[in-house]
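> Please find one structure pasted underneath; my questions will follow.
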Amino acid sequence: MTRTTINEPAREIPVLMEADLVVVGGGTTGPIAAIAAARRGSKVVLIERFGSLGGILTLGLNTKPSGAIIGGIPLEIWNLASSVGGAGADYMATTKTGGVKIASPTDPEIMKMLLTRLCVEAGVQILFETFVSAPVVEDGAVTGVIIEGKGGRQFVGAKVLIDCSADADIAAKAKAPFVMGSGGADAKMQPVSMYFIMKNVDLNRLAEWARTCDDIPARAIPPDEAGLSYGLWLTGFNGMLRRFQEETGVKLQRDNITLKTADGQMYVNATRVLGVDVFSPKEFTGAILECYRQIEGVCRFLKERVPGFEAARLGQVSPILGVRETRHILGEYTLTGPDSRGETRFEDTIAADNSALDIHDPKGGDVDFQSMPPYEIPYRCLLPQGVEQLLVAGRCISADHEAHARSRNMPACMATGQAAGVAAAIAVEEGVSVRQVSIAKVQAALRELGMPLHAEEVSA
């Protein structure tokens with residue numbers, strides 16, 4: 001007989017430590033939350049399942065935020081990266097719908113080191129190679145998390161928990177309500193993908209060719225050789241990809257690809273897998289295998305069809321899958337499409353964001369990447385319904401499928417992480433719940449960090 005369940009015996013779990021705040025997830029969002037809270041004096045534990053910080057920004061090789069970094073701790077980190085040669089100048093990318101201001105890509109290895117250093121300097125206790133298996137909820141409030149590692153199963157206590165897992169894993173396990181993707185029985189989600197690096201690319205030859213190519217509608221091409229190291233960004237190749245597939249029989253899954261440089265290396269965004277249930281180990285693994293297949297095809301396309309890639313070869317493949325969309329918590333407020341177009345002003349705003357609209361069609365169509373006016377993110381989007389002492393930050397905040405096309409991007413994720421860290425720290429200082437924390441005090445603290453809160457405060 002095939003078993004469908006087993007019984008797990010009850011057991012006592014040792015307490016590893018107690019903290020003011022536990023931040024789950026050390027990707028793009030979690031370190032910012034941890035630094036923001038620890039700098040205010042909170043005892044912070046940051047738990048990360050891999051052995052380095054930065055997530056999709058570093059391990060995932062997605063080195064470029066899809067928008068501008070406009071203030072606060074995120075801007076501090078980008079400026080620091082630039083000062084040590086880990087980032088270049090911001091640039092204005094030309095697209096089919098106008099210019100998009102984009103923060104410079106960063107060197108992922110330098111960014112790993114900087115994020116870790118800033119956390120340690122702030123007093124954050126990092127737990128690497130540690131998986132959070134469940135929250136502990138008592139009388140409707142989160143009081144800590146169960147962790148798993150080589151030391152076994154342990155408990156870390158917390159007065160406030162910040163879920164920066166990207167998929168709202170902890171909030172969902174705490175029974176906070178959520179919707180998946182676009183919602184409903186036939187929910188749609190943006191596809192998954194995987195970045196890779198091509199070595200030995202002749203950037204000068206590629207840039208000169210791209211200047212006159214009519215198959216690259218979105219681009220940023222530096223005027224001189226010095227800017228190529230961090231400033232070359234090309235999106236398109238639609239016609240060339242179509243002809244390549246017709247002539248070779250190689251089947252790829254994207255209508256376009258994006259090339260961008262960081263520290264003189266070429267980062268390639270060219271894979272796509274639709275309809276993946278990332279919570280299924282079998283489907284998740286299948287998506288990785290399909291990305292590997294596509295990477296081989298894209299490498300062949302680049303070497304055979306794109307000037308500058310003649311001597312290039314595969315340099316590195318991301319060890320993690322890039323997931324764009326899963327759960328959206330249901331918070332006290334849900335950010336809507338019109339909100340994300342800058343049509344709403346919020347009294348409880350905790351960040352203005354100027355990320356691009358970046359939609360990868362769930363049905364497999366072309367990417368919609370365009371500039372839009374700045375918009376505001378209210379604190380209520382970070383507050384899940386039904387659970388106390390829990391905040392959510394990153395791409396799983398309370399936003400609908402349309403608004404998610406902007407709020408999922410790195411500048412917004414970092415901004416919500418910063419706000420969650422500040423709000424949680426102030427709540428602990430004041431001895432109040434995160435739901436009752438003074439928004440005015442949170443906003444004042446964010447302004448002290450140099451974070452614009454209203455759309456009109458974002459410089460052009």
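Simple scheme: letters A, B, ... for chains in structure tokens order, numbers from 1 for residues in each chain, numbers from 1 for ligands in the order shown.
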Env of Gly264 in chain A: 8 Å cut, atoms = only C-alpha atoms, seq-sep filter 6 positions within chain, self excluded. Answer as a ChimeraX atom specification.

/A:228-230

> Could you take the residues named above and write them with N, CA, C and O atoms, as a PDB file, in the first residue's frame?


ATOM      1  N   LEU A 228      31.649  50.708 -20.663  1.00  0.00           N
ATOM      2  CA  LEU A 228      31.131  49.400 -21.038  1.00  0.00           C
ATOM      3  C   LEU A 228      31.130  48.415 -19.881  1.00  0.00           C
ATOM      4  O   LEU A 228      30.322  47.490 -19.844  1.00  0.00           O
ATOM      5  N   SER A 229      32.029  48.601 -18.920  1.00  0.00           N
ATOM      6  CA  SER A 229      32.176  47.625 -17.842  1.00  0.00           C
ATOM      7  C   SER A 229      30.894  47.430 -17.052  1.00  0.00           C
ATOM      8  O   SER A 229      30.543  46.311 -16.666  1.00  0.00           O
ATOM      9  N   TYR A 230      30.167  48.527 -16.795  1.00  0.00           N
ATOM     10  CA  TYR A 230      28.915  48.440 -16.039  1.00  0.00           C
ATOM     11  C   TYR A 230      27.708  49.022 -16.774  1.00  0.00           C
ATOM     12  O   TYR A 230      26.593  48.921 -16.279  1.00  0.00           O
TER      13      TYR A 230
END

> Using DSSP on the backbone, list every residue of range 18-62 of chain A that comes out as strand (DSSP E), and give them as a compact mmCIF listing (two decimals) with N, CA, C and O atoms, in the first residue's frame.


# COMPACT_ATOMS: atom_id res chain seq x y z
N GLU A 18 17.19 34.05 21.87
CA GLU A 18 16.04 34.96 21.87
C GLU A 18 16.49 36.29 21.27
O GLU A 18 17.64 36.71 21.45
N ALA A 19 15.60 36.94 20.55
CA ALA A 19 15.94 38.21 19.89
C ALA A 19 14.76 39.15 19.94
O ALA A 19 13.63 38.75 20.24
N ASP A 20 15.03 40.42 19.64
CA ASP A 20 13.93 41.36 19.45
C ASP A 20 13.23 41.09 18.12
O ASP A 20 12.01 41.01 18.04
N LEU A 21 14.07 40.92 17.08
CA LEU A 21 13.54 40.73 15.73
C LEU A 21 14.20 39.52 15.09
O LEU A 21 15.42 39.34 15.21
N VAL A 22 13.42 38.74 14.41
CA VAL A 22 13.95 37.71 13.51
C VAL A 22 13.54 38.08 12.09
O VAL A 22 12.36 38.34 11.83
N VAL A 23 14.52 38.14 11.21
CA VAL A 23 14.28 38.40 9.79
C VAL A 23 14.53 37.10 9.05
O VAL A 23 15.62 36.54 9.11
N VAL A 24 13.52 36.62 8.35
CA VAL A 24 13.62 35.37 7.61
C VAL A 24 13.91 35.68 6.14
O VAL A 24 13.08 36.28 5.46
N VAL A 44 18.92 41.66 16.51
CA VAL A 44 18.36 41.13 15.28
C VAL A 44 19.05 39.84 14.87
O VAL A 44 20.29 39.76 14.89
N VAL A 45 18.27 38.85 14.50
CA VAL A 45 18.77 37.62 13.92
C VAL A 45 18.28 37.53 12.47
O VAL A 45 17.07 37.63 12.23
N LEU A 46 19.21 37.37 11.55
CA LEU A 46 18.89 37.24 10.12
C LEU A 46 19.17 35.80 9.71
O LEU A 46 20.32 35.33 9.82
N ILE A 47 18.15 35.10 9.22
CA ILE A 47 18.28 33.68 8.91
C ILE A 47 18.22 33.48 7.39
O ILE A 47 17.27 33.91 6.73

> Tell me, in Å to one decimal, how far CA of Cys299 in chain A is from CA of Gly227 in chain A.

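CA of Gly227 in chain A lies 24.5 Å from CA of Cys299 in chain A.
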
> Take CA of Gly386 in chain A and CA of Asp169 in chain A and report the distance between them in Å, one decimal.

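Result for CA of Gly386 in chain A versus CA of Asp169 in chain A: 15.4 Å, one decimal.
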
> Among range 229-402 of chain A, which ones does DSSP assign to alpha helix (DSSP H) (computed from the backbone)? Answer as a PyMOL selection string.

chain A and resi 229-231+238-248+281-305+337-338

> Using only C-alpha atoms, which residues sit within 8 Å of range 394-400 of chain A once same-chain residues fewer than 6 positions away are excluded, as a ChimeraX atom specification?

/A:28-29,164-168,181-182,325-331,333-337,381-382,384,407-409,412-414,416-417
